[in-house]
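With mmCIF, C-alpha atoms inside, this is final.cif:
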data_work
#
loop_
_atom_site.label_atom_id
_atom_site.label_comp_id
_atom_site.auth_asym_id
_atom_site.auth_seq_id
_atom_site.Cartn_x
_atom_site.Cartn_y
_atom_site.Cartn_z
CA ILE A 646 123.81 90.70 0.10
CA GLU A 647 123.99 89.56 3.71
CA ILE A 648 120.96 87.96 5.31
CA GLY A 649 120.73 88.02 9.08
CA ARG A 650 118.49 88.81 12.02
CA THR A 651 119.34 92.53 11.99
CA PRO A 652 119.65 94.86 8.96
CA ASP A 653 123.31 95.85 8.77
CA THR A 654 122.71 99.61 8.71
CA LEU A 655 126.32 100.09 9.82
CA ARG A 656 127.51 99.30 6.31
CA LEU A 657 124.92 101.60 4.73
CA LEU A 658 125.68 104.52 7.03
CA PRO A 659 128.19 106.29 4.73
CA TYR A 660 125.38 106.65 2.19
CA LEU A 661 122.83 107.84 4.75
CA SER A 662 124.85 110.55 6.50
CA ASP A 663 126.27 112.82 3.82
CA GLY A 664 124.75 115.83 5.61
CA THR A 665 124.12 117.84 2.43
CA ASP A 666 120.47 118.78 3.00
CA TYR A 667 119.77 122.20 4.48
CA ALA A 668 116.99 124.77 4.78
CA VAL A 669 116.92 128.45 3.81
CA LEU A 670 114.82 131.15 5.45
CA ALA A 671 114.34 134.17 3.18
CA LEU A 672 113.19 136.79 5.66
CA SER A 673 111.74 140.25 5.15
CA GLN A 674 108.85 142.18 6.69
CA ASN A 675 106.97 141.96 3.39
CA GLN A 676 107.54 138.29 2.57
CA VAL A 677 108.65 135.13 4.36
CA ARG A 678 109.73 132.07 2.38
CA VAL A 679 111.40 128.78 3.32
CA PHE A 680 113.29 126.51 0.95
CA ARG A 681 114.64 122.97 1.15
CA ALA A 682 118.00 122.69 -0.60
CA ASN A 683 121.12 120.64 -1.20
CA GLN A 684 124.19 121.04 -3.38
CA ILE A 685 122.17 120.29 -6.53
CA SER A 686 118.69 121.74 -6.12
CA ILE A 687 116.45 124.10 -4.16
CA GLU A 688 112.66 124.01 -3.81
CA THR A 689 109.95 125.73 -1.82
CA MET A 690 109.15 124.13 1.52
CA ASP A 691 105.64 124.37 2.93
CA VAL A 692 105.72 125.24 6.64
CA GLU A 693 102.49 125.03 8.60
CA GLY A 694 101.75 128.13 10.65
CA LEU A 695 104.43 130.24 8.96
CA PRO A 696 103.38 133.91 8.68
CA THR A 697 103.72 135.24 5.14
CA SER A 698 104.60 138.78 6.25
CA LEU A 699 104.75 141.03 9.28
CA ASP A 700 101.26 142.36 8.48
CA ASP A 701 100.00 138.77 8.33
CA ALA A 702 101.62 137.90 11.67
CA LEU A 703 100.32 141.00 13.48
CA TRP A 704 96.97 141.44 11.74
CA TYR A 705 95.32 141.94 15.11
CA VAL A 706 97.52 144.93 16.04
CA ARG A 707 96.11 148.37 15.28
CA ARG A 708 98.50 151.29 15.29
CA GLU A 709 96.96 154.65 16.09
CA PRO A 710 98.42 157.63 14.20
CA THR A 711 100.63 159.96 16.23
CA LEU A 712 101.47 163.64 15.74
CA GLU A 713 105.06 164.25 14.65
CA ARG A 714 106.63 167.73 14.56
CA HIS A 715 109.61 168.70 12.43
CA GLY A 716 112.19 171.42 12.91
CA SER A 717 110.29 173.69 10.55
CA GLY A 718 107.36 173.63 12.92
CA GLU A 719 105.20 171.67 10.53
CA ALA A 720 103.33 168.69 11.90
CA HIS A 721 101.83 165.67 10.25
CA MET A 722 100.16 162.45 11.30
CA ALA A 723 102.40 159.39 11.41
CA GLY A 724 102.12 155.86 12.64
CA GLY A 725 99.57 153.32 11.54
CA GLY A 726 100.18 149.85 10.20
CA GLN A 727 103.66 150.34 8.72
CA ASN A 728 105.51 151.84 11.69
CA TYR A 729 106.20 148.78 13.79
CA ARG A 730 108.04 148.81 17.06
CA LYS A 731 110.92 146.51 17.94
CA SER A 732 108.59 144.39 20.08
CA ASP A 733 106.38 143.82 17.03
CA LEU A 734 109.38 142.61 15.01
CA GLN A 735 110.41 140.30 17.85
CA GLN A 736 106.92 138.82 17.97
CA PHE A 737 106.99 138.37 14.19
CA LEU A 738 110.34 136.56 14.34
CA HIS A 739 109.13 134.44 17.26
CA LEU A 740 106.19 133.17 15.20
CA ILE A 741 108.51 132.32 12.31
CA ASP A 742 110.89 130.50 14.65
CA LYS A 743 108.06 128.55 16.26
CA ALA A 744 106.77 127.36 12.88
CA LEU A 745 110.27 126.42 11.68
CA CYS A 746 111.20 124.53 14.85
CA SER A 747 108.02 122.47 14.46
CA ALA A 748 108.64 121.82 10.75
CA LEU A 749 112.29 120.84 11.28
CA THR A 750 111.71 118.67 14.35
CA GLY A 751 113.60 115.40 14.05
CA THR A 752 116.05 116.77 11.49
CA HIS A 753 119.56 118.14 11.88
CA ALA A 754 119.51 120.24 8.73
CA PRO A 755 121.44 123.52 8.95
CA LEU A 756 119.20 126.58 8.58
CA VAL A 757 120.60 129.46 6.50
CA VAL A 758 119.03 132.88 7.07
CA ILE A 759 119.01 135.55 4.37
CA GLY A 760 117.67 139.01 5.14
CA VAL A 761 118.40 142.62 5.99
CA GLY A 762 121.26 142.71 8.49
CA TYR A 763 119.49 143.61 11.73
CA GLU A 764 116.44 141.41 11.02
CA ALA A 765 118.52 138.36 10.09
CA SER A 766 120.84 138.84 13.08
CA MET A 767 117.91 139.27 15.47
CA PHE A 768 116.33 136.05 14.23
CA ILE A 769 119.59 134.09 14.54
CA ASN A 770 120.25 135.39 18.06
CA GLU A 771 116.74 134.57 19.30
CA SER A 772 116.04 131.35 17.38
CA HIS A 773 115.45 128.15 19.34
CA TYR A 774 116.48 125.96 16.40
CA ARG A 775 119.78 124.35 17.36
CA HIS A 776 121.20 124.11 13.86
CA VAL A 777 120.74 127.67 12.63
CA VAL A 778 123.88 128.93 10.83
CA ARG A 779 125.25 131.80 12.90
CA THR A 780 126.41 133.82 9.89
CA PRO A 781 123.54 135.32 7.84
CA ILE A 782 123.45 136.18 4.17
CA THR A 783 122.77 139.91 4.16
CA GLY A 784 120.50 141.57 1.64
CA ASN A 785 116.84 141.96 0.82
CA PRO A 786 115.69 138.49 -0.34
CA ASP A 787 112.66 140.03 -2.07
CA SER A 788 114.99 141.39 -4.75
CA ILE A 789 117.15 138.25 -5.12
CA ASP A 790 116.15 135.48 -7.53
CA LEU A 791 115.98 131.85 -6.46
CA ARG A 792 119.09 130.84 -8.36
CA THR A 793 121.17 133.45 -6.52
CA ILE A 794 119.69 132.41 -3.18
CA HIS A 795 120.75 128.84 -3.94
CA GLU A 796 124.25 129.83 -5.02
CA ARG A 797 124.89 132.05 -2.00
CA SER A 798 123.42 129.60 0.52
CA ARG A 799 125.33 126.69 -1.02
CA ALA A 800 128.59 128.65 -0.74
CA LEU A 801 127.86 129.47 2.90
CA ILE A 802 127.10 125.83 3.76
CA ALA A 803 130.30 124.71 2.03
CA ASN A 804 132.33 126.89 4.41
CA GLN A 805 130.61 125.59 7.55
CA PRO A 806 132.01 122.70 9.61
CA GLY A 807 130.31 119.50 8.52
CA PRO A 808 127.65 117.88 10.73
CA ALA A 809 130.01 115.00 11.51
CA SER A 810 132.71 117.40 12.72
CA ALA A 811 130.24 119.25 14.90
CA ALA A 812 128.90 115.98 16.33
CA THR A 813 132.43 114.76 17.06
CA ALA A 814 133.35 117.99 18.81
CA ARG A 815 130.19 117.79 20.89
CA ALA A 816 130.94 114.18 21.86
CA GLN A 817 134.45 115.17 22.92
CA GLN A 818 133.11 118.10 24.92
CA LEU A 819 130.61 115.89 26.76
CA ALA A 820 133.07 113.08 27.47
CA GLY A 821 133.04 112.14 31.14
CA THR A 822 129.74 113.94 31.84
CA GLY A 823 127.48 110.93 31.34
CA ARG A 824 126.05 112.48 28.15
CA ALA A 825 128.49 110.70 25.80
CA VAL A 826 128.09 106.91 26.13
CA THR A 827 130.53 104.37 24.66
CA ASP A 828 129.44 101.12 26.33
CA PRO A 829 127.40 99.11 23.76
CA ALA A 830 124.89 97.95 26.38
CA GLU A 831 124.28 101.50 27.60
CA ILE A 832 124.02 102.72 24.01
CA HIS A 833 121.34 100.11 23.35
CA GLN A 834 119.37 101.09 26.45
CA ALA A 835 119.46 104.76 25.41
CA ALA A 836 118.38 103.86 21.87
CA GLU A 837 115.39 101.92 23.16
CA ILE A 838 113.99 104.93 25.03
CA GLY A 839 114.81 107.46 22.29
CA ALA A 840 117.45 109.28 24.33
CA ILE A 841 120.15 109.43 21.62
CA ASP A 842 120.68 112.71 19.81
CA ASN A 843 123.86 111.88 17.84
CA PHE A 844 125.19 108.39 17.05
CA LEU A 845 128.86 108.27 16.00
CA VAL A 846 130.18 105.08 14.39
CA ALA A 847 133.80 104.17 13.64
CA ALA A 848 134.58 104.06 9.91
CA SER A 849 136.07 100.56 10.29
CA LEU A 850 132.56 99.19 10.93
CA THR A 851 131.11 100.54 7.69
CA SER A 852 131.41 99.61 4.03
CA ASN A 853 134.31 102.07 3.76
CA GLY A 854 136.21 100.38 6.56
CA SER A 855 138.43 97.38 6.98
CA TYR A 856 135.91 95.10 8.70
CA ARG A 857 134.51 92.31 6.54
CA GLY A 858 132.43 89.21 7.19
CA ARG A 859 129.15 88.45 8.90
CA LEU A 860 127.77 90.39 11.82
CA ASP A 861 129.37 89.31 15.07
CA ASP A 862 127.59 89.88 18.40
CA LEU A 863 129.02 93.38 18.89
CA ARG A 864 128.22 94.57 15.37
CA GLU A 865 124.74 93.08 15.54
CA GLN A 866 124.07 94.87 18.83
CA LEU A 867 125.36 98.18 17.47
CA ALA A 868 123.38 97.77 14.24
CA CYS A 869 120.22 97.14 16.23
CA SER A 870 120.95 100.18 18.43
CA LEU A 871 121.59 102.31 15.36
CA ASN A 872 118.30 101.25 13.79
CA LEU A 873 116.41 102.15 16.97
CA ALA A 874 118.20 105.48 17.27
CA LEU A 875 117.43 106.43 13.66
CA THR A 876 113.80 105.45 14.16
CA ASN A 877 113.64 107.84 17.13
CA GLY A 878 115.10 110.81 15.24
CA ALA A 879 118.80 110.56 16.04
CA ALA A 880 121.44 111.78 13.58
CA ALA A 881 124.14 109.24 12.73
CA PHE A 882 127.64 109.96 11.46
CA VAL A 883 130.68 108.00 10.33
CA VAL A 884 133.92 109.25 11.91
CA ALA A 885 137.54 108.13 11.83
CA ASP A 886 138.38 105.50 14.43
CA ASP A 887 140.99 107.71 16.07
CA GLU A 888 138.38 110.45 16.67
CA LEU A 889 136.56 108.19 19.13
CA PRO A 890 137.70 107.46 22.68
CA VAL A 891 140.41 104.80 22.83
CA GLY A 892 138.94 101.29 22.75
CA SER A 893 135.49 102.37 21.56
CA VAL A 894 133.87 101.88 18.17
CA ALA A 895 130.75 103.98 18.75
CA VAL A 896 129.60 106.94 20.82
CA ALA A 897 126.03 107.96 21.59
CA VAL A 898 125.49 111.58 22.59
CA LEU A 899 122.35 111.70 24.71
CA ARG A 900 119.60 114.29 24.59
CA TYR A 901 119.37 114.34 28.40
#
I'd like the structure from this file rewritten - as structure tokens, please.
Amino acid sequence: IEIGRTPDTLRLLPYLSDGTDYAVLALSQNQVRVFRANQISIETMDVEGLPTSLDDALWYVRREPTLERHGSGEAHMAGGGQNYRKSDLQQFLHLIDKALCSALTGTHAPLVVIGVGYEASMFINESHYRHVVRTPITGNPDSIDLRTIHERSRALIANQPGPASAATARAQQLAGTGRAVTDPAEIHQAAEIGAIDNFLVAASLTSNGSYRGRLDDLREQLACSLNLALTNGAAAFVVADDELPVGSVAVAVLRY
């Protein structure tokens, strides 16, 4: 136990950033469900404003029957509530996306989508959630039990690049643009105003690293910045020292 002016979150970070939590959207026109999952368990997640079905989302839309003729010359009335146009499906998916983005605000959990091919792909392509997994699980989720949903989503997540890898790649991509800050003073200023999206810390500063002893001025400043960043919804990751710019022990990727 180390007692000081600032909680040494740097040492705890390896236990706070395993990145195993994710969400699953089981999508069909008849039923919409969302689950919270990790490598061990899966459970239903209540999402405010989430439509339960396409009929529920577009209850206010009335489809007038239309006359359809077949090659035999016979005609029958078609249309009504079950023959939805593409624009109706897009509106349905938009309402789902809006509810999910609100529910997942402040998290960096990957979102796995399971559904019929074209519906799942349309949702992924039009979603505003930044962490949606680009590869869907295809199939009708209404006919798949929860255990199978968990197994298939867990396998998909296991094959995705980890959150730390994605954050490191993003930091490298933004290097030199002003969006990836390495100066401790600038990192602290960004943390104070809630401008940090991802906070990358060198492994040598954590409990898994080589650094030992009491907090020096630099570590205390970084620990304080990290605490502020986490409070304001940033995601923090431990990365190898050689994955950070030379001479730096932390990188803050800014939201703006």
Could you list, with a cut-off of 6 Å and counting all atoms listed in the file, the residues of stretch 819-869 of chain A near stretch 882-889 of chain A, each shown with its nearest atom pair and the distance in Å rounded to one decimal, rows sorted by chain and ascending number, as a tab-separated table?
residue	atom	partner	partner_atom	distance
A:Leu845	CA	A:Phe882	CA	5.0
A:Val846	CA	A:Val883	CA	5.0
A:Ala847	CA	A:Asp886	CA	4.8
A:Ala848	CA	A:Ala885	CA	5.4
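Using only C-alpha atoms for every distance, the candidate list A:Ser893, A:Thr783, A:Ser732, A:Thr752 yields A:Thr752 as the residue closest to A:Tyr667.
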**Prompt:** Rounded to one decimal in Å, what is the spacing between atom CA of A:Ile759 and atom CA of A:Pro808?
**Reply:**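 Distance reported for this atom pair: 20.7 Å.
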**Separation of atom CA of A:Arg900 from atom CA of A:Gly694, in Å and rounded to one decimal** =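 Straight-line distance from atom CA of A:Arg900 to atom CA of A:Gly694 works out to 26.5 Å.
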**Request:** Given the file shown, determine the residues that the PyMOL selection byres ((chain A and resi 842) around 8) selects; report them as a ChimeraX atom specification.
**Result:** /A:840-841,843-844,878-880,897-900
**Prompt:** Smallest atom-to-atom distance to A:Asn872: which of A:Gly751, A:Leu850, A:Ala744, A:Gly839, using only C-alpha atoms?
**Reply:**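 Among the listed residues, the smallest separation from A:Asn872 belongs to A:Gly839.
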**Message:** Report, in Å with one decimal, the straight-line distance from atom CA of A:Asn683 to atom CA of A:Asp653.
**Reply:**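 Taking atom CA of A:Asn683 and atom CA of A:Asp653, their separation equals 26.8 Å.
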**Request:** Just give me the residues with any atom within 10 Å of (111.9, 123.9, 1.3), file coordinates, counting only C-alpha atoms, written as a PyMOL selection string.
**Result:** chain A and resi 667-670+678-682+687-692
**Request:** Find the residues around A:Glu865 up to 9 Å (all atoms listed in the file counted), leave out those fewer than 5 positions away in its own chain, and share them as an MDAnalysis selection string.
**Result:** chainID A and resid 650:653 860 870
**Item:** Distance query A:Leu801 at most 9 Å, all atoms listed in the file, self and fewer than 5 positions along chain excluded, as number ranges by chain
**Value:** A: 757, 778, 780-782, 796
Quick one: stretch 863-884 of chain A with N, CA, C and O atoms, as a PDB file, in the first residue's frame?
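So the final result, stored in part-v4.pdb, reads:
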ATOM      1  N   LEU A 863       6.778  13.397 -12.064  1.00  0.00           N
ATOM      2  CA  LEU A 863       6.221  13.038 -13.362  1.00  0.00           C
ATOM      3  C   LEU A 863       5.106  12.012 -13.214  1.00  0.00           C
ATOM      4  O   LEU A 863       4.018  12.156 -13.777  1.00  0.00           O
ATOM      5  N   ARG A 864       5.364  10.965 -12.434  1.00  0.00           N
ATOM      6  CA  ARG A 864       4.351   9.925 -12.254  1.00  0.00           C
ATOM      7  C   ARG A 864       3.120  10.468 -11.539  1.00  0.00           C
ATOM      8  O   ARG A 864       1.987  10.105 -11.843  1.00  0.00           O
ATOM      9  N   GLU A 865       3.328  11.354 -10.593  1.00  0.00           N
ATOM     10  CA  GLU A 865       2.191  11.938  -9.882  1.00  0.00           C
ATOM     11  C   GLU A 865       1.345  12.779 -10.830  1.00  0.00           C
ATOM     12  O   GLU A 865       0.112  12.731 -10.791  1.00  0.00           O
ATOM     13  N   GLN A 866       2.008  13.543 -11.709  1.00  0.00           N
ATOM     14  CA  GLN A 866       1.271  14.355 -12.675  1.00  0.00           C
ATOM     15  C   GLN A 866       0.487  13.468 -13.647  1.00  0.00           C
ATOM     16  O   GLN A 866      -0.681  13.722 -13.937  1.00  0.00           O
ATOM     17  N   LEU A 867       1.138  12.405 -14.129  1.00  0.00           N
ATOM     18  CA  LEU A 867       0.466  11.508 -15.068  1.00  0.00           C
ATOM     19  C   LEU A 867      -0.682  10.753 -14.393  1.00  0.00           C
ATOM     20  O   LEU A 867      -1.727  10.538 -14.997  1.00  0.00           O
ATOM     21  N   ALA A 868      -0.481  10.348 -13.139  1.00  0.00           N
ATOM     22  CA  ALA A 868      -1.543   9.664 -12.412  1.00  0.00           C
ATOM     23  C   ALA A 868      -2.749  10.574 -12.228  1.00  0.00           C
ATOM     24  O   ALA A 868      -3.903  10.162 -12.398  1.00  0.00           O
ATOM     25  N   CYS A 869      -2.495  11.825 -11.906  1.00  0.00           N
ATOM     26  CA  CYS A 869      -3.570  12.800 -11.746  1.00  0.00           C
ATOM     27  C   CYS A 869      -4.291  13.020 -13.080  1.00  0.00           C
ATOM     28  O   CYS A 869      -5.529  13.068 -13.134  1.00  0.00           O
ATOM     29  N   SER A 870      -3.523  13.124 -14.167  1.00  0.00           N
ATOM     30  CA  SER A 870      -4.115  13.301 -15.495  1.00  0.00           C
ATOM     31  C   SER A 870      -4.964  12.089 -15.879  1.00  0.00           C
ATOM     32  O   SER A 870      -6.059  12.224 -16.433  1.00  0.00           O
ATOM     33  N   LEU A 871      -4.441  10.910 -15.559  1.00  0.00           N
ATOM     34  CA  LEU A 871      -5.167   9.685 -15.873  1.00  0.00           C
ATOM     35  C   LEU A 871      -6.484   9.628 -15.104  1.00  0.00           C
ATOM     36  O   LEU A 871      -7.530   9.270 -15.667  1.00  0.00           O
ATOM     37  N   ASN A 872      -6.462   9.990 -13.845  1.00  0.00           N
ATOM     38  CA  ASN A 872      -7.682   9.983 -13.045  1.00  0.00           C
ATOM     39  C   ASN A 872      -8.725  10.935 -13.626  1.00  0.00           C
ATOM     40  O   ASN A 872      -9.916  10.615 -13.708  1.00  0.00           O
ATOM     41  N   LEU A 873      -8.287  12.120 -14.031  1.00  0.00           N
ATOM     42  CA  LEU A 873      -9.200  13.095 -14.635  1.00  0.00           C
ATOM     43  C   LEU A 873      -9.758  12.573 -15.956  1.00  0.00           C
ATOM     44  O   LEU A 873     -10.951  12.712 -16.239  1.00  0.00           O
ATOM     45  N   ALA A 874      -8.888  11.973 -16.769  1.00  0.00           N
ATOM     46  CA  ALA A 874      -9.314  11.468 -18.067  1.00  0.00           C
ATOM     47  C   ALA A 874     -10.347  10.356 -17.913  1.00  0.00           C
ATOM     48  O   ALA A 874     -11.359  10.322 -18.624  1.00  0.00           O
ATOM     49  N   LEU A 875     -10.106   9.430 -16.969  1.00  0.00           N
ATOM     50  CA  LEU A 875     -11.054   8.349 -16.733  1.00  0.00           C
ATOM     51  C   LEU A 875     -12.387   8.886 -16.231  1.00  0.00           C
ATOM     52  O   LEU A 875     -13.462   8.394 -16.612  1.00  0.00           O
ATOM     53  N   THR A 876     -12.331   9.899 -15.386  1.00  0.00           N
ATOM     54  CA  THR A 876     -13.549  10.516 -14.871  1.00  0.00           C
ATOM     55  C   THR A 876     -14.382  11.111 -15.998  1.00  0.00           C
ATOM     56  O   THR A 876     -15.616  11.096 -15.959  1.00  0.00           O
ATOM     57  N   ASN A 877     -13.707  11.599 -17.032  1.00  0.00           N
ATOM     58  CA  ASN A 877     -14.392  12.245 -18.159  1.00  0.00           C
ATOM     59  C   ASN A 877     -14.626  11.299 -19.335  1.00  0.00           C
ATOM     60  O   ASN A 877     -14.860  11.749 -20.460  1.00  0.00           O
ATOM     61  N   GLY A 878     -14.567   9.983 -19.078  1.00  0.00           N
ATOM     62  CA  GLY A 878     -14.972   9.018 -20.095  1.00  0.00           C
ATOM     63  C   GLY A 878     -13.908   8.560 -21.057  1.00  0.00           C
ATOM     64  O   GLY A 878     -14.228   7.920 -22.073  1.00  0.00           O
ATOM     65  N   ALA A 879     -12.649   8.835 -20.778  1.00  0.00           N
ATOM     66  CA  ALA A 879     -11.579   8.364 -21.662  1.00  0.00           C
ATOM     67  C   ALA A 879     -11.352   6.869 -21.462  1.00  0.00           C
ATOM     68  O   ALA A 879     -11.672   6.309 -20.414  1.00  0.00           O
ATOM     69  N   ALA A 880     -10.806   6.227 -22.478  1.00  0.00           N
ATOM     70  CA  ALA A 880     -10.373   4.829 -22.375  1.00  0.00           C
ATOM     71  C   ALA A 880      -8.865   4.830 -22.188  1.00  0.00           C
ATOM     72  O   ALA A 880      -8.146   5.552 -22.884  1.00  0.00           O
ATOM     73  N   ALA A 881      -8.387   4.018 -21.249  1.00  0.00           N
ATOM     74  CA  ALA A 881      -6.950   3.980 -20.950  1.00  0.00           C
ATOM     75  C   ALA A 881      -6.397   2.596 -21.240  1.00  0.00           C
ATOM     76  O   ALA A 881      -7.060   1.581 -20.989  1.00  0.00           O
ATOM     77  N   PHE A 882      -5.178   2.555 -21.774  1.00  0.00           N
ATOM     78  CA  PHE A 882      -4.564   1.297 -22.175  1.00  0.00           C
ATOM     79  C   PHE A 882      -3.094   1.275 -21.778  1.00  0.00           C
ATOM     80  O   PHE A 882      -2.411   2.301 -21.794  1.00  0.00           O
ATOM     81  N   VAL A 883      -2.611   0.088 -21.456  1.00  0.00           N
ATOM     82  CA  VAL A 883      -1.191  -0.128 -21.204  1.00  0.00           C
ATOM     83  C   VAL A 883      -0.569  -0.668 -22.480  1.00  0.00           C
ATOM     84  O   VAL A 883      -1.070  -1.627 -23.070  1.00  0.00           O
ATOM     85  N   VAL A 884       0.515  -0.038 -22.933  1.00  0.00           N
ATOM     86  CA  VAL A 884       1.191  -0.473 -24.162  1.00  0.00           C
ATOM     87  C   VAL A 884       2.683  -0.613 -23.877  1.00  0.00           C
ATOM     88  O   VAL A 884       3.210  -0.047 -22.918  1.00  0.00           O
TER      89      VAL A 884
END
